[in-house]
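**Student:** Here you go, this is upload05.txt (compact mmCIF, C-alpha atoms).
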```
# COMPACT_ATOMS: atom_id res chain seq x y z
CA MET A 1 -31.38 -23.93 -35.13
CA THR A 2 -35.14 -24.49 -35.13
CA TYR A 3 -37.73 -26.08 -32.89
CA GLY A 4 -40.97 -27.10 -34.72
CA GLY A 5 -40.79 -24.23 -37.20
CA VAL A 6 -40.10 -21.63 -34.52
CA ASN A 7 -36.44 -20.68 -34.20
CA MET A 8 -34.57 -19.48 -31.12
CA PHE A 9 -34.85 -15.87 -32.24
CA THR A 10 -38.64 -16.16 -32.17
CA SER A 11 -38.47 -17.64 -28.65
CA PHE A 12 -36.29 -14.69 -27.66
CA LYS A 13 -38.83 -12.22 -29.12
CA ILE A 14 -41.69 -13.89 -27.23
CA ALA A 15 -39.64 -13.77 -24.00
CA SER A 16 -39.01 -10.04 -24.52
CA ARG A 17 -42.74 -9.42 -25.09
CA PHE A 18 -43.67 -11.32 -21.94
CA LEU A 19 -41.24 -9.16 -19.93
CA ARG A 20 -42.51 -5.91 -21.46
CA SER A 21 -46.12 -6.91 -20.81
CA SER A 22 -45.42 -7.11 -17.05
CA LYS A 23 -43.19 -4.08 -16.55
CA ILE A 24 -43.58 -3.79 -12.78
CA GLN A 25 -42.93 -7.49 -12.22
CA THR A 26 -39.92 -7.35 -14.53
CA LEU A 27 -38.55 -4.30 -12.71
CA ILE A 28 -38.96 -6.01 -9.32
CA ILE A 29 -36.98 -9.06 -10.50
CA ILE A 30 -34.21 -6.88 -11.98
CA ILE A 31 -33.92 -4.84 -8.77
CA GLY A 32 -33.93 -8.03 -6.67
CA ILE A 33 -31.13 -9.54 -8.74
CA ALA A 34 -29.23 -6.23 -8.73
CA ILE A 35 -29.35 -5.94 -4.92
CA GLY A 36 -28.17 -9.53 -4.49
CA VAL A 37 -25.36 -9.11 -7.03
CA SER A 38 -24.24 -5.75 -5.59
CA VAL A 39 -24.01 -7.18 -2.06
CA GLN A 40 -22.24 -10.30 -3.29
CA VAL A 41 -19.68 -8.39 -5.40
CA PHE A 42 -19.09 -5.72 -2.73
CA ILE A 43 -18.50 -8.35 -0.03
CA GLY A 44 -16.08 -10.15 -2.35
CA LEU A 45 -14.14 -6.96 -3.14
CA LEU A 46 -14.16 -5.92 0.53
CA SER A 47 -12.80 -9.35 1.50
CA LYS A 48 -10.00 -9.09 -1.06
CA GLY A 49 -9.24 -5.55 0.07
CA LEU A 50 -9.07 -6.60 3.71
CA GLU A 51 -6.83 -9.52 2.81
CA GLY A 52 -4.54 -7.27 0.78
CA THR A 53 -4.40 -4.69 3.57
CA LEU A 54 -3.44 -7.34 6.13
CA LEU A 55 -0.79 -8.77 3.82
CA ASN A 56 0.68 -5.32 3.18
CA LYS A 57 0.78 -4.57 6.90
CA ILE A 58 2.23 -7.92 7.96
CA ALA A 59 3.88 -9.68 5.02
CA GLY A 60 4.87 -6.35 3.45
CA ASN A 61 6.78 -5.27 6.58
CA ALA A 62 8.56 -8.57 7.05
CA ALA A 63 10.57 -10.72 4.69
CA ASN A 64 8.56 -13.41 2.92
CA ILE A 65 11.51 -15.79 3.29
CA THR A 66 14.45 -15.44 5.71
CA VAL A 67 17.66 -17.49 5.79
CA TYR A 68 19.53 -17.70 9.13
CA ALA A 69 22.67 -19.47 10.28
CA HIS A 70 22.24 -21.91 13.18
CA LYS A 71 25.53 -20.68 14.62
CA GLY A 72 27.28 -17.35 14.04
CA GLY A 73 26.70 -15.38 10.86
CA ILE A 74 26.42 -16.29 7.21
CA GLU A 75 29.73 -16.32 5.35
CA ASN A 76 30.13 -16.19 1.56
CA TRP A 77 26.66 -14.69 1.45
CA GLU A 78 27.09 -13.47 -2.14
CA ASP A 79 27.23 -17.07 -3.39
CA LYS A 80 24.17 -17.99 -1.36
CA ILE A 81 22.25 -15.00 -2.73
CA ASN A 82 23.08 -16.12 -6.28
CA LYS A 83 21.68 -19.58 -5.49
CA ILE A 84 18.50 -18.07 -4.06
CA LYS A 85 18.08 -15.83 -7.12
CA GLY A 86 18.07 -18.97 -9.24
CA THR A 87 14.93 -20.17 -7.46
CA SER A 88 11.71 -19.52 -9.35
CA GLU A 89 9.26 -16.84 -8.11
CA ILE A 90 11.90 -14.93 -6.12
CA THR A 91 11.42 -11.18 -6.78
CA SER A 92 14.10 -9.72 -4.49
CA VAL A 93 16.87 -11.01 -2.25
CA PHE A 94 19.30 -9.02 -0.10
CA PRO A 95 21.75 -9.38 2.82
CA VAL A 96 20.86 -8.05 6.28
CA VAL A 97 22.81 -7.37 9.47
CA ASP A 98 20.58 -7.15 12.59
CA HIS A 99 21.76 -6.38 16.09
CA GLN A 100 20.13 -5.25 19.32
CA ALA A 101 21.26 -1.80 20.38
CA PHE A 102 20.46 1.32 22.38
CA VAL A 103 20.06 4.89 21.12
CA LYS A 104 21.57 7.45 23.45
CA LEU A 105 20.79 11.17 23.29
CA ASN A 106 21.73 13.38 26.24
CA ASP A 107 20.16 11.66 29.26
CA MET A 108 17.74 9.52 27.22
CA THR A 109 18.34 5.89 26.23
CA GLU A 110 15.95 3.90 24.06
CA PRO A 111 16.16 0.22 22.99
CA ALA A 112 16.44 -0.29 19.23
CA LEU A 113 17.32 -2.75 16.47
CA ILE A 114 20.11 -1.69 14.12
CA ARG A 115 19.36 -2.98 10.63
CA GLY A 116 21.95 -2.85 7.87
CA PHE A 117 20.59 -3.58 4.38
CA GLY A 118 21.81 -3.90 0.91
CA LEU A 119 19.74 -0.72 0.55
CA LYS A 120 19.01 -0.90 -3.18
CA GLU A 121 17.69 -4.47 -2.95
CA GLY A 122 16.09 -3.86 0.45
CA ASP A 123 14.24 -0.83 -0.88
CA SER A 124 12.79 -2.93 -3.72
CA PHE A 125 11.02 -5.06 -1.10
CA TYR A 126 10.30 -2.68 1.79
CA ASN A 127 9.73 0.47 -0.35
CA ILE A 128 11.83 2.39 2.16
CA LYS A 129 12.16 5.51 -0.01
CA LYS A 130 8.39 5.89 -0.29
CA LYS A 131 8.03 5.57 3.48
CA ILE A 132 10.55 8.34 4.24
CA TYR A 133 8.45 11.42 4.98
CA GLU A 134 11.43 13.69 5.83
CA GLY A 135 15.08 13.52 4.82
CA LYS A 136 16.70 10.93 2.56
CA MET A 137 18.05 7.39 2.40
CA PRO A 138 21.31 6.70 4.29
CA GLU A 139 24.11 6.72 1.73
CA GLY A 140 27.47 7.34 3.42
CA GLU A 141 28.97 5.66 6.47
CA ASN A 142 27.52 6.39 9.92
CA GLU A 143 24.22 7.62 8.46
CA VAL A 144 20.94 6.28 9.78
CA ILE A 145 17.19 6.76 9.41
CA MET A 146 14.72 6.02 12.17
CA GLY A 147 11.01 5.58 12.64
CA LYS A 148 8.48 8.29 13.36
CA ASP A 149 7.63 7.09 16.88
CA LEU A 150 11.25 6.83 18.04
CA ALA A 151 12.17 10.19 16.50
CA GLU A 152 9.27 11.93 18.24
CA ARG A 153 10.14 10.29 21.56
CA LEU A 154 13.74 11.51 21.34
CA GLY A 155 12.76 14.91 19.91
CA LEU A 156 15.11 14.59 16.94
CA LYS A 157 15.35 16.48 13.68
CA VAL A 158 17.21 15.70 10.45
CA GLY A 159 20.96 16.32 10.86
CA ASP A 160 21.11 15.51 14.60
CA THR A 161 23.80 13.16 15.88
CA VAL A 162 22.97 10.23 18.16
CA ASN A 163 25.12 7.65 19.87
CA ILE A 164 24.26 4.01 19.21
CA MET A 165 25.59 1.36 21.58
CA THR A 166 25.29 -2.38 20.99
CA ILE A 167 24.51 -4.87 23.74
CA SER A 168 28.20 -5.82 23.63
CA ARG A 169 29.08 -2.20 24.54
CA LYS A 170 30.43 -1.14 21.14
CA GLN A 171 29.53 2.46 20.36
CA MET A 172 29.38 4.69 17.29
CA ASP A 173 28.01 8.14 16.55
CA PHE A 174 25.45 8.33 13.75
CA ILE A 175 23.98 11.23 11.82
CA VAL A 176 20.18 11.05 11.46
CA VAL A 177 19.50 11.75 7.77
CA GLY A 178 15.79 10.89 7.60
CA PHE A 179 12.60 9.68 9.26
CA TYR A 180 10.27 6.95 7.94
CA ASP A 181 6.75 5.74 8.73
CA PHE A 182 5.98 2.05 8.13
CA GLU A 183 2.55 2.50 9.78
CA ALA A 184 3.56 -0.22 12.23
CA ALA A 185 4.30 0.93 15.79
CA LYS A 186 6.75 -1.88 16.55
CA ILE A 187 8.89 -1.02 13.51
CA ASN A 188 8.60 2.76 13.97
CA LYS A 189 9.79 2.44 17.59
CA THR A 190 12.76 0.14 17.03
CA TRP A 191 14.27 -0.07 13.55
CA LEU A 192 17.41 1.96 12.87
CA ILE A 193 18.11 1.52 9.17
CA THR A 194 21.60 2.02 7.78
CA ASN A 195 23.75 0.54 5.02
CA LEU A 196 25.23 -2.93 5.27
CA LYS A 197 28.89 -1.91 5.76
CA THR A 198 28.11 0.52 8.60
CA ALA A 199 26.14 -2.13 10.50
CA GLN A 200 28.96 -4.67 10.01
CA ASN A 201 31.51 -2.17 11.36
CA LEU A 202 29.34 -1.33 14.37
CA ILE A 203 29.06 -4.91 15.58
CA GLY A 204 32.48 -6.05 14.34
CA PHE A 205 31.03 -8.67 12.04
CA GLY A 206 33.61 -8.54 9.26
CA ASP A 207 32.03 -9.46 5.93
CA LYS A 208 29.41 -11.78 7.43
CA VAL A 209 25.66 -11.09 7.60
CA THR A 210 23.10 -12.22 10.16
CA SER A 211 20.47 -13.18 7.58
CA ILE A 212 19.41 -13.13 3.96
CA GLU A 213 15.87 -11.92 3.24
CA ALA A 214 13.81 -12.54 0.12
CA GLY A 215 10.50 -11.48 -1.39
CA VAL A 216 8.32 -13.67 -3.59
CA ASN A 217 5.63 -13.16 -6.26
CA ASN A 218 2.82 -14.63 -4.18
CA PRO A 219 3.27 -14.41 -0.38
CA TYR A 220 0.84 -17.34 0.04
CA ASN A 221 3.39 -19.60 -1.66
CA ALA A 222 6.22 -18.52 0.66
CA ASP A 223 6.28 -21.89 2.43
CA ILE A 224 6.54 -23.83 -0.85
CA ILE A 225 9.19 -21.49 -2.28
CA GLY A 226 11.03 -21.65 1.05
CA LYS A 227 11.46 -25.40 0.57
CA LYS A 228 12.91 -24.77 -2.90
CA VAL A 229 15.34 -22.22 -1.43
CA GLU A 230 16.38 -24.73 1.23
CA ASN A 231 17.07 -27.35 -1.44
CA ALA A 232 18.96 -24.85 -3.60
CA LEU A 233 21.24 -23.85 -0.71
CA GLY A 234 21.84 -27.42 0.47
CA ASP A 235 23.53 -26.21 3.66
CA LYS A 236 22.58 -27.83 6.96
CA ASN A 237 24.03 -24.89 8.89
CA LEU A 238 21.35 -22.63 7.40
CA LYS A 239 17.74 -22.41 8.51
CA VAL A 240 15.02 -21.19 6.11
CA GLU A 241 11.86 -19.64 7.55
CA ASN A 242 8.84 -18.00 5.93
CA TRP A 243 6.31 -15.41 7.08
CA LYS A 244 3.45 -17.95 7.14
CA SER A 245 5.16 -20.14 9.74
CA GLN A 246 5.92 -17.02 11.79
CA ASN A 247 2.32 -15.72 11.61
CA LYS A 248 0.17 -18.86 11.87
CA LEU A 249 -2.69 -17.12 13.67
CA LEU A 250 -2.86 -14.43 10.98
CA VAL A 251 -2.84 -17.01 8.17
CA SER A 252 -5.62 -18.95 9.93
CA ALA A 253 -7.63 -15.74 10.32
CA ILE A 254 -7.27 -14.91 6.60
CA VAL A 255 -8.29 -18.44 5.58
CA GLY A 256 -11.29 -18.29 7.96
CA GLN A 257 -12.29 -14.89 6.60
CA ARG A 258 -12.10 -16.26 3.04
CA ILE A 259 -14.37 -19.18 3.93
CA CYS A 260 -16.90 -16.89 5.66
CA THR A 261 -16.93 -14.58 2.63
CA VAL A 262 -17.61 -17.48 0.25
CA ILE A 263 -20.44 -18.74 2.49
CA ILE A 264 -22.04 -15.28 2.67
CA GLN A 265 -21.71 -14.80 -1.09
CA PHE A 266 -23.27 -18.22 -1.71
CA PHE A 267 -26.36 -17.53 0.42
CA VAL A 268 -26.82 -14.04 -1.04
CA LEU A 269 -26.69 -15.58 -4.55
CA LEU A 270 -29.03 -18.38 -3.47
CA ALA A 271 -31.56 -15.83 -2.18
CA ALA A 272 -31.47 -13.97 -5.51
CA VAL A 273 -31.88 -17.23 -7.45
CA LEU A 274 -34.81 -18.39 -5.31
CA SER A 275 -36.60 -15.06 -5.66
CA THR A 276 -36.14 -15.21 -9.45
CA LEU A 277 -37.36 -18.82 -9.48
CA SER A 278 -40.43 -17.91 -7.44
CA ILE A 279 -41.45 -14.99 -9.66
CA LEU A 280 -40.81 -16.88 -12.90
CA SER A 281 -42.89 -19.79 -11.60
CA ILE A 282 -45.76 -17.39 -11.00
CA SER A 283 -45.14 -15.95 -14.47
CA VAL A 284 -45.67 -19.41 -16.03
CA VAL A 285 -49.06 -19.67 -14.32
CA GLN A 286 -49.96 -16.15 -15.46
CA LYS A 287 -48.96 -16.99 -19.02
CA TYR A 288 -50.78 -20.38 -19.21
CA ARG A 289 -53.28 -19.04 -21.72
CA GLN A 290 -50.64 -17.47 -24.01
CA ILE A 291 -48.44 -20.56 -23.87
CA GLY A 292 -51.40 -22.79 -24.66
CA ILE A 293 -52.34 -20.64 -27.66
CA LEU A 294 -48.74 -20.64 -28.91
CA LYS A 295 -48.57 -24.45 -28.64
CA ALA A 296 -51.89 -24.78 -30.43
CA MET A 297 -50.43 -22.61 -33.21
CA GLY A 298 -47.49 -24.94 -33.68
CA ILE A 299 -44.76 -23.99 -31.19
CA ASN A 300 -43.31 -27.17 -29.75
CA ASP A 301 -42.53 -28.00 -26.12
CA SER A 302 -38.80 -27.19 -26.39
CA SER A 303 -39.46 -23.76 -27.85
CA ALA A 304 -41.99 -23.00 -25.11
CA GLY A 305 -39.40 -23.90 -22.48
CA MET A 306 -36.79 -21.74 -24.23
CA VAL A 307 -39.05 -18.71 -23.81
CA PHE A 308 -38.58 -18.80 -20.02
CA LEU A 309 -34.87 -19.56 -20.24
CA PHE A 310 -34.48 -16.47 -22.42
CA GLN A 311 -36.55 -14.47 -19.94
CA ALA A 312 -34.20 -15.48 -17.13
CA LEU A 313 -31.15 -14.74 -19.29
CA ILE A 314 -32.39 -11.23 -20.08
CA LEU A 315 -33.27 -10.60 -16.43
CA GLY A 316 -29.89 -11.98 -15.33
CA ILE A 317 -27.94 -9.73 -17.71
CA LEU A 318 -29.90 -6.59 -16.78
CA GLY A 319 -29.93 -7.33 -13.04
CA THR A 320 -26.22 -8.24 -12.96
CA SER A 321 -25.24 -5.13 -14.93
CA LEU A 322 -27.19 -2.90 -12.54
CA GLY A 323 -25.80 -4.83 -9.53
CA ILE A 324 -22.19 -4.37 -10.60
CA GLY A 325 -22.87 -0.67 -11.16
CA LEU A 326 -24.25 -0.43 -7.61
CA SER A 327 -21.27 -2.31 -6.17
CA MET A 328 -18.87 0.15 -7.87
CA PHE A 329 -20.80 2.97 -6.21
CA PHE A 330 -20.53 1.21 -2.82
CA VAL A 331 -16.76 0.78 -3.27
CA GLN A 332 -16.32 4.44 -4.21
CA GLU A 333 -18.29 5.66 -1.19
CA PHE A 334 -16.57 3.18 1.16
CA ASN A 335 -13.12 4.39 0.10
CA ARG A 336 -14.29 7.99 0.45
CA TYR A 337 -15.93 7.87 3.88
CA ILE A 338 -14.58 4.84 5.79
CA ILE A 339 -11.16 6.32 6.47
CA THR A 340 -8.57 6.69 9.23
CA PRO A 341 -7.91 10.03 11.00
CA GLN A 342 -5.06 10.48 8.46
CA GLY A 343 -7.55 10.34 5.59
CA VAL A 344 -6.46 6.91 4.36
CA PRO A 345 -9.13 4.21 3.70
CA VAL A 346 -9.35 1.72 6.57
CA VAL A 347 -9.43 -1.03 3.96
CA SER A 348 -8.08 -0.28 0.51
CA ILE A 349 -10.58 -1.82 -1.92
CA PHE A 350 -9.27 -2.26 -5.44
CA VAL A 351 -11.55 -3.32 -8.28
CA SER A 352 -10.39 -6.53 -9.94
CA LYS A 353 -11.69 -6.86 -13.52
CA ARG A 354 -11.15 -10.61 -13.41
CA PHE A 355 -13.25 -10.88 -10.23
CA LEU A 356 -16.03 -8.75 -11.77
CA ILE A 357 -16.12 -10.82 -14.96
CA MET A 358 -16.18 -14.11 -13.02
CA SER A 359 -18.90 -12.81 -10.69
CA ALA A 360 -21.00 -11.57 -13.62
CA LEU A 361 -20.76 -14.93 -15.42
CA ILE A 362 -21.68 -16.85 -12.26
CA ASP A 363 -24.63 -14.54 -11.48
CA ILE A 364 -26.02 -14.62 -15.03
CA THR A 365 -25.64 -18.41 -15.16
CA ALA A 366 -27.35 -18.78 -11.77
CA SER A 367 -30.21 -16.49 -12.79
CA THR A 368 -30.71 -18.44 -16.02
CA PHE A 369 -30.60 -21.73 -14.14
CA ALA A 370 -33.39 -20.37 -11.90
CA ALA A 371 -35.70 -20.66 -14.93
CA PHE A 372 -35.18 -24.41 -15.27
CA LEU A 373 -38.27 -25.42 -13.26
CA PRO A 374 -40.57 -22.77 -14.82
CA ALA A 375 -39.30 -23.84 -18.26
CA LEU A 376 -40.05 -27.47 -17.37
CA LYS A 377 -43.60 -26.48 -16.40
CA SER A 378 -44.02 -24.72 -19.72
CA PHE A 379 -42.51 -27.74 -21.51
CA LYS A 380 -45.09 -30.09 -19.97
CA LEU A 381 -48.08 -27.77 -20.40
CA SER A 382 -50.75 -29.26 -22.67
CA PRO A 383 -52.86 -26.95 -24.94
CA VAL A 384 -55.82 -29.25 -24.31
CA GLU A 385 -55.60 -28.55 -20.54
CA VAL A 386 -55.51 -24.80 -21.14
CA ILE A 387 -58.52 -24.90 -23.47
CA LYS A 388 -60.40 -27.28 -21.13
CA ASN A 389 -59.72 -25.18 -17.99
CA GLY A 390 -60.12 -21.83 -19.72
```
Go ahead and render the structure in this file as structure tokens.
**Tutor:**
Amino acid sequence: MTYGGVNMFTSFKIASRFLRSSKIQTLIIIIGIAIGVSVQVFIGLLSKGLEGTLLNKIAGNAANITVYAHKGGIENWEDKINKIKGTSEITSVFPVVDHQAFVKLNDMTEPALIRGFGLKEGDSFYNIKKKIYEGKMPEGENEVIMGKDLAERLGLKVGDTVNIMTISRKQMDFIVVGFYDFEAAKINKTWLITNLKTAQNLIGFGDKVTSIEAGVNNPYNADIIGKKVENALGDKNLKVENWKSQNKLLVSAIVGQRICTVIIQFFVLLAAVLSTLSILSISVVQKYRQIGILKAMGINDSSAGMVFLFQALILGILGTSLGIGLSMFFVQEFNRYIITPQGVPVVSIFVSKRFLIMSALIDITASTFAAFLPALKSFKLSPVEVIKNG
């Protein structure tokens, strides 16, 4: 494609020469863009990391969707689980028996919540095995695992026997076969995890369950998928809840944090664009003589404008590349030094390739767009004016 005998490649070569002729100015623009991009990308990754951490702590330690019975327990729960499995985006579904209880050891009594799972399916959602730091999963009858906080309070070790009494005064001795850490004090202090049959026997529940819990692909869609589950079950005696309705304040906080992040990213990007625009505008004035000579030699207005668009494109690519490199360094150092006393990052920041590619495209486009006004000035510049004004 040509413009008045001068093709785009020639415009690109002229743009490169202009940048090389003002090395310090070029370096300042690249560093300015790089700083803006690095801050923008780091804030975006930090926001996603914070969001993911919150979801893992809250939504990851509670069922995304829970089905209850309005009265009594849920009968024929296998059929209902099959119906739920037929709903799109469901990743795991399992029966649960919950009951308030007390743990008795010698002269100590602690309140607790006995939780009987379909352990294989329950583990696929809660990752129970990975959270057991000592011992094993409960396999046989009358085996239980308990949280770190409760175990330390009672002074237990693996293999000890404890007496568990329900609020209806039913009692059973359990062997403690393991200890877990969900990194959530409320869970670590109360949950007593056992298999489904043992929990049913303890509370005399027959083959009924107190609830059915499910996990979904995207926790943010739990409310929408919950409606689908409700329609699939078609049972007015069952109530379907989701984690979003149970944690409205948290959801509002995450949405608010997202909005704040976008606003901050926008103004950081705007600052980088305005600084590029300002310097390129000065560059046009500095290059009046050269542009005038080029136009007198035959370059047309469009080609002259393309010179500054190419300049901005080159600056955008170099600045964005350096900025993303800096943001990766920030992420690495953040994960290394901003940690808990246990040595775990306060916020787990994971690098998303899709986010980086989208950010790079937006930043390069914005930097190139910053050259629109300088290119327009160059487009309108008359060789006669340059010659007349020297």
**Student:** Between CA of Ala62 (chain A) and CA of Ile84 (chain A), what is the distance, to one decimal in Å?
**Tutor:** 17.7 Å
**Student:** Which value, in Å to one decimal, gives the distance between CA of Ala312 (chain A) and CA of Phe42 (chain A)?
**Tutor:** 23.0 Å
**Student:** Work out how far apart CA of Gly155 (chain A) and CA of Val96 (chain A) are and give it in Å to one decimal.
**Tutor:**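 Computing it gives 27.9 Å between the two atoms.
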**Student:** For Glu89 (chain A), find every residue with an atom within 9 Å (counting all atoms listed in the file), except residues of its own chain fewer than 6 positions away, and show them as a PyMOL selection string.
**Tutor:** chain A and resi 215-218+225
**Student:** So that I can check the surroundings of Thr87 (chain A), please list as a PyMOL selection string every protein, DNA and RNA residue that reaches within 8 Å of it, counting only C-alpha atoms and ignoring chain neighbours fewer than 3 positions away.
**Tutor:** chain A and resi 83-84+90+225+228-229+232
**Student:** Got time to write the residues from that selection, C-alpha atoms, as a compact mmCIF listing (two decimals), in the frame of the given file?
**Tutor:**
```txt
# COMPACT_ATOMS: atom_id res chain seq x y z
CA LYS A 83 21.68 -19.58 -5.49
CA ILE A 84 18.50 -18.07 -4.06
CA ILE A 90 11.90 -14.93 -6.12
CA ILE A 225 9.19 -21.49 -2.28
CA LYS A 228 12.91 -24.77 -2.90
CA VAL A 229 15.34 -22.22 -1.43
CA ALA A 232 18.96 -24.85 -3.60
```
**Student:** Counting all atoms listed in the file, which of A:Asn61, A:Thr210, A:Ser275, A:Gln40 gets nearest to Ile187 (chain A)?
**Tutor:** A:Asn61
**Student:** Determine, counting only C-alpha atoms, which protein, DNA and RNA residues have an atom within 9 Å of an atom of Leu238 (chain A); residues of the same chain fewer than 2 positions away are not included. Present the result as a PyMOL selection string.
**Tutor:** chain A and resi 67-71+74+230+233-236+240
**Student:** Which residue out of A:Gly73, A:Lys130, A:Lys197, A:Pro345 has the minimum interatomic distance to Gln332 (chain A) when all atoms listed in the file are used?
**Tutor:**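 Ranking A:Gly73, A:Lys130, A:Lys197, A:Pro345 by distance to Gln332 (chain A), first place goes to A:Pro345.
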**Student:** I want to know what sits within 10 Å of Ala360 (chain A), based on all atoms listed in the file, with residues of the same chain fewer than 3 positions away left out; could you give that as a list in words?
**Tutor:** Val37, Val41, Gly316, Ile317, Gly319, Thr320, Ser321, Gly323, Ile324, Arg354, Phe355, Leu356, Ile357, Asp363, Ile364, Thr365 and Ala366 of chain A
**Student:** Could those residues be written to a file, using C-alpha atoms, as a PDB file, in the coordinates of the input?
**Tutor:**
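So result-v8.pdb came out as:
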```pdb
ATOM      1  CA  VAL A  37     -25.360  -9.110  -7.030  1.00  0.00           C
ATOM      2  CA  VAL A  41     -19.680  -8.390  -5.400  1.00  0.00           C
ATOM      3  CA  GLY A 316     -29.890 -11.980 -15.330  1.00  0.00           C
ATOM      4  CA  ILE A 317     -27.940  -9.730 -17.710  1.00  0.00           C
ATOM      5  CA  GLY A 319     -29.930  -7.330 -13.040  1.00  0.00           C
ATOM      6  CA  THR A 320     -26.220  -8.240 -12.960  1.00  0.00           C
ATOM      7  CA  SER A 321     -25.240  -5.130 -14.930  1.00  0.00           C
ATOM      8  CA  GLY A 323     -25.800  -4.830  -9.530  1.00  0.00           C
ATOM      9  CA  ILE A 324     -22.190  -4.370 -10.600  1.00  0.00           C
ATOM     10  CA  ARG A 354     -11.150 -10.610 -13.410  1.00  0.00           C
ATOM     11  CA  PHE A 355     -13.250 -10.880 -10.230  1.00  0.00           C
ATOM     12  CA  LEU A 356     -16.030  -8.750 -11.770  1.00  0.00           C
ATOM     13  CA  ILE A 357     -16.120 -10.820 -14.960  1.00  0.00           C
ATOM     14  CA  ASP A 363     -24.630 -14.540 -11.480  1.00  0.00           C
ATOM     15  CA  ILE A 364     -26.020 -14.620 -15.030  1.00  0.00           C
ATOM     16  CA  THR A 365     -25.640 -18.410 -15.160  1.00  0.00           C
ATOM     17  CA  ALA A 366     -27.350 -18.780 -11.770  1.00  0.00           C
TER      18      ALA A 366
END
```
**Student:** Measuring atom to atom with only C-alpha atoms, identify which of A:Arg169, A:Lys80, A:Lys186, A:Arg20 is nearest to Asn231 (chain A).
**Tutor:** A:Lys80
**Student:** Using all atoms listed in the file, determine which residues lie at most 8 Å from Leu45 (chain A), disregarding the query and same-chain residues fewer than 6 positions distant; provide the list as a compact mmCIF listing (two decimals) with C-alpha atoms, keeping the file's coordinate frame.
**Tutor:**
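Heads up, here's the output in part27.txt:
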```txt
# COMPACT_ATOMS: atom_id res chain seq x y z
CA ILE A 349 -10.58 -1.82 -1.92
CA PHE A 350 -9.27 -2.26 -5.44
CA VAL A 351 -11.55 -3.32 -8.28
CA SER A 352 -10.39 -6.53 -9.94
```
**Student:** Which residue is closest to Ala271 (chain A)? Choose from A:Ile24, A:Val162, A:Val39, A:Leu313 and count all atoms listed in the file.
**Tutor:** A:Val39
**Student:** Using all atoms listed in the file, can you tell me which of A:Phe117, A:Phe102, A:Phe12, A:Trp191 comes closest to Lys170 (chain A)?
**Tutor:**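 Answer, going by the shortest atom-to-atom distance: A:Phe102.
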**Student:** Nearest residue to Asn82 (chain A) out of A:Ser327, A:Ile212, A:Ala371, A:Thr66, using all atoms listed in the file?
**Tutor:**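 Counting all atoms listed in the file, the residue closest to Asn82 (chain A) is A:Ile212.
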**Student:** Can you report as lines of an AutoDock Vina configuration file the centre and edge lengths in Å, to one decimal, of an axis-aligned box around the listed atoms of region 350-361 of chain A padded with 6 Å on each side?
**Tutor:**
```
center_x = -15.1
center_y = -8.6
center_z = -10.4
size_x = 23.7
size_y = 24.7
size_z = 22.0
```
